[in-house]
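Asker: What follows is target24.cif; its format and atoms are mmCIF, C-alpha atoms.
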data_start
#
loop_
_atom_site.label_atom_id
_atom_site.label_comp_id
_atom_site.auth_asym_id
_atom_site.auth_seq_id
_atom_site.Cartn_x
_atom_site.Cartn_y
_atom_site.Cartn_z
CA MET G 1015 84.55 107.24 34.82
CA LEU G 1016 84.24 103.47 34.32
CA GLY G 1017 83.70 102.97 38.07
CA ARG G 1018 80.87 105.50 38.03
CA PHE G 1019 79.35 103.76 34.97
CA LEU G 1020 79.39 100.35 36.70
CA SER G 1021 78.11 101.69 40.01
CA ASN G 1022 75.09 103.21 38.24
CA ARG G 1023 74.41 99.88 36.52
CA ARG G 1024 75.09 97.59 39.49
CA PRO G 1025 71.41 96.57 39.97
CA PHE G 1026 71.24 95.73 36.27
CA VAL G 1027 74.46 93.66 36.38
CA VAL G 1028 73.30 91.81 39.50
CA CYS G 1029 69.94 91.04 37.86
CA ALA G 1030 71.66 89.86 34.67
CA ILE G 1031 73.95 87.50 36.61
CA ALA G 1032 70.98 86.19 38.62
CA ALA G 1033 69.02 85.58 35.40
CA MET G 1034 71.95 83.67 33.86
CA LEU G 1035 72.29 81.50 36.96
CA ALA G 1036 68.55 80.81 37.00
CA ALA G 1037 68.65 79.85 33.32
CA CYS G 1038 71.53 77.43 33.96
CA HIS G 1039 69.64 75.90 36.88
CA ALA G 1040 66.45 75.55 34.80
CA THR G 1041 68.42 73.93 31.97
CA SER G 1042 70.11 71.40 34.25
CA HIS G 1043 66.79 70.68 35.96
CA ALA G 1044 65.06 70.16 32.62
CA THR G 1045 67.82 67.80 31.50
CA SER G 1046 67.50 65.64 34.63
CA GLU G 1047 63.72 65.43 34.07
CA ALA G 1048 64.07 64.34 30.44
CA VAL G 1049 61.48 61.89 29.19
CA THR G 1050 62.53 58.93 27.02
CA ILE G 1051 59.92 57.00 25.05
CA VAL G 1052 60.74 53.37 24.25
CA PRO G 1053 58.44 51.42 21.88
CA SER G 1054 57.29 48.07 23.26
CA GLY G 1055 57.97 45.45 20.58
CA ASN G 1056 55.46 45.29 17.72
CA HIS G 1057 52.68 47.01 19.67
CA SER G 1058 52.54 50.54 18.26
CA GLY G 1059 50.16 51.87 20.93
CA VAL G 1060 52.22 50.74 23.94
CA TYR G 1061 55.28 52.67 25.07
CA GLU G 1062 57.55 52.74 28.07
CA VAL G 1063 58.08 56.32 29.20
CA ARG G 1064 61.19 56.80 31.34
CA ARG G 1065 61.41 59.83 33.59
CA GLY G 1066 64.51 59.75 35.74
CA VAL G 1067 64.58 56.33 37.43
CA ALA G 1068 60.84 55.76 36.92
CA SER G 1069 59.23 53.79 34.10
CA VAL G 1070 55.64 54.54 33.17
CA CYS G 1071 53.53 52.48 30.78
CA ASN G 1072 51.69 54.48 28.13
CA VAL G 1073 48.91 52.34 26.63
CA TYR G 1074 47.24 54.22 23.78
CA GLY G 1075 47.67 57.54 25.60
CA THR G 1076 46.72 56.35 29.11
CA LEU G 1077 49.55 56.43 31.65
CA GLY G 1078 49.82 53.78 34.34
CA PRO G 1079 51.56 54.16 37.70
CA PRO G 1080 55.35 54.49 37.70
CA SER G 1081 57.48 51.49 38.59
CA TYR G 1082 61.07 51.40 39.76
CA LEU G 1083 63.89 48.90 39.85
CA VAL G 1084 64.47 47.67 43.40
CA SER G 1085 68.16 48.44 42.87
CA ASP G 1086 67.19 52.13 42.34
CA MET G 1087 65.48 52.41 45.73
CA GLY G 1088 67.00 55.31 47.64
CA LYS G 1089 68.24 57.10 44.52
CA PRO G 1090 66.90 60.59 43.80
CA GLY G 1091 63.43 60.33 42.29
CA ALA G 1092 62.69 56.83 43.59
CA PRO G 1093 60.17 56.75 46.43
CA VAL G 1094 61.01 54.75 49.53
CA PRO G 1095 58.18 52.62 50.93
CA ASP G 1096 57.32 52.61 54.62
CA SER G 1097 59.46 50.63 57.05
CA SER G 1098 57.25 47.51 57.15
CA ASP G 1099 57.34 47.24 53.32
CA VAL G 1100 61.12 47.71 53.33
CA THR G 1101 61.43 44.93 55.93
CA THR G 1102 59.30 42.63 53.77
CA LEU G 1103 61.41 43.52 50.73
CA HIS G 1104 64.66 42.73 52.57
CA LYS G 1105 63.25 39.32 53.58
CA MET G 1106 62.37 38.64 49.92
CA LEU G 1107 65.83 39.65 48.74
CA ARG G 1108 67.33 36.84 50.82
CA TYR G 1109 65.72 34.38 48.40
CA VAL G 1110 65.06 36.32 45.18
CA HIS G 1111 68.18 37.47 43.34
CA SER G 1112 67.03 39.15 40.14
CA ALA G 1113 68.27 42.26 38.36
CA THR G 1114 64.74 42.81 36.97
CA LEU G 1115 62.94 43.06 40.33
CA ARG G 1116 60.63 46.09 40.30
CA TYR G 1117 58.30 47.84 42.72
CA ALA G 1118 55.29 50.11 42.26
CA PHE G 1119 52.50 51.69 44.24
CA LEU G 1120 48.97 50.86 43.15
CA GLY G 1121 47.09 53.47 45.11
CA ASN G 1122 48.42 52.91 48.64
CA GLU G 1123 49.47 49.32 47.96
CA PHE G 1124 53.17 48.56 47.60
CA ILE G 1125 53.83 45.69 45.18
CA VAL G 1126 57.00 43.88 44.12
CA TYR G 1127 57.25 41.83 40.92
CA ASP G 1128 59.99 40.34 38.77
CA ALA G 1129 59.73 41.97 35.35
CA VAL G 1130 61.69 39.35 33.43
CA ASN G 1131 60.10 40.42 30.11
CA GLY G 1132 60.64 44.15 30.69
CA PRO G 1133 58.70 46.67 32.77
CA TYR G 1134 55.64 46.53 30.50
CA SER G 1135 55.29 43.13 28.90
CA MET G 1136 52.34 42.42 26.61
CA GLU G 1137 52.93 38.67 26.86
CA VAL G 1138 52.18 37.62 30.45
CA PRO G 1139 51.26 39.27 33.74
CA TYR G 1140 53.79 39.16 36.55
CA ALA G 1141 53.36 37.37 39.86
CA VAL G 1142 53.24 39.79 42.80
CA LEU G 1143 55.86 38.52 45.22
CA ASN G 1144 54.76 40.33 48.37
CA GLU G 1145 51.03 39.54 48.19
CA ARG G 1146 49.48 37.18 50.76
CA SER G 1147 47.54 35.21 48.16
CA CYS G 1148 49.50 32.86 45.96
CA ASN G 1149 47.75 33.89 42.73
CA ALA G 1150 48.02 37.70 42.69
CA MET G 1151 49.18 38.97 39.31
CA TYR G 1152 50.09 42.39 37.97
CA ALA G 1153 49.48 43.13 34.29
CA PRO G 1154 50.91 46.63 33.73
CA VAL G 1155 49.47 46.86 30.20
CA ASP G 1156 46.02 45.32 30.71
CA ARG G 1157 45.24 46.53 34.25
CA PRO G 1158 47.86 49.11 35.24
CA ASP G 1159 46.11 50.32 38.40
CA ALA G 1160 44.96 47.00 39.86
CA LEU G 1161 45.95 43.44 40.65
CA SER G 1162 44.25 40.46 39.09
CA ALA G 1163 44.15 36.80 40.04
CA SER G 1164 45.27 33.75 38.11
CA THR G 1165 43.26 30.53 38.21
CA GLY G 1166 45.89 28.69 40.25
CA CYS G 1167 48.90 29.42 42.41
CA TRP G 1168 52.13 30.34 40.65
CA GLY G 1169 55.52 28.91 41.40
#
Starting from the file, give its structure as structure tokens.
Answerer:
Amino acid sequence: MLGRFLSNRRPFVVCAIAAMLAACHATSHATSEAVTIVPSGNHSGVYEVRRGVASVCNVYGTLGPPSYLVSDMGKPGAPVPDSSDVTTLHKMLRYVHSATLRYAFLGNEFIVYDAVNGPYSMEVPYAVLNERSCNAMYAPVDRPDALSASTGCWG
């Protein structure tokens, strides 16, 4: 009798098991995509939003492009630049040894900067290390989608 009961309900049992597995997958996926909001010092309108390995600057509700630690390159969720940019980065890493080295894509442009004051500093813009000009700066809070220029060469 029990065998006949289960055989009549087999499609239901299979669907229930599939639904439970899908719910577990959705829960684990949602957990890995969790967003963390970190206030940036005394500036109440500026926040660092972390999503996986990416950091995004939220300035009064406007999101800038994501940036990533160079040490996270190749990890799930971190984009890998094209081969010429990776070659340039490897050449830089021979001379620059910093745990705060970050990279971002501004449109199609790959930039590398040393975020010594955190990913989204309000204090000073960061020098772009892989730019041809010696005065290219990246200010993630003031101009998140563009580079600016300082009046003289840095370093």
Asker: Calculate how many Å separate CA of Ala1118 in chain G from CA of Gly1059 in chain G, rounding to one decimal.
Answerer: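 Computed distance, CA of Ala1118 in chain G to CA of Gly1059 in chain G, equals 22.0 Å.
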Asker: Give me the residues near Ser1097 in chain G as a ChimeraX atom specification, where near means some atom within 12 Å (using all atoms listed in the file) and where sequence neighbours in that chain fewer than 6 positions away do not count.
Answerer: /G:1103-1104,1124
Asker: Identify which of the residues G:Pro1139, G:Tyr1134, G:Ser1147, G:Arg1108 lies closest to Val1073 in chain G, counting all atoms listed in the file when measuring atom-to-atom distances.
Answerer: G:Tyr1134
Asker: Would you kindly translate the PyMOL selection byres ((chain G and resi 1086-1096) around 12) into the concrete residues it picks from this file, as a PyMOL selection string?
Answerer: chain G and resi 1046-1047+1064-1069+1080-1085+1097-1104+1113-1119+1122-1126
Asker: Could you list, as a list in words, every residue matched by the PyMOL selection byres ((chain G and resi 1161-1165) around 7) in this structure?
Answerer: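 Expected selection for the PyMOL selection byres ((chain G and resi 1161-1165) around 7) here is Asn1149, Ala1150, Met1151, Tyr1152, Ala1160 and Gly1166 of chain G.
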Asker: When distances are computed from only C-alpha atoms, which of G:Leu1107, G:Cys1148, G:Val1070, G:Leu1120 shows the smallest separation from Gly1132 in chain G?
Answerer: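 Closest to Gly1132 in chain G, using only C-alpha atoms: G:Val1070.
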Asker: Record the distance separating CA of Ser1135 in chain G and CA of His1111 in chain G, expressed in Å with one decimal.
Answerer: 20.2 Å
Asker: What separation in Å, quoted to one decimal, exists between CA of Asn1072 in chain G and CA of Ala1153 in chain G?
Answerer: 13.1 Å
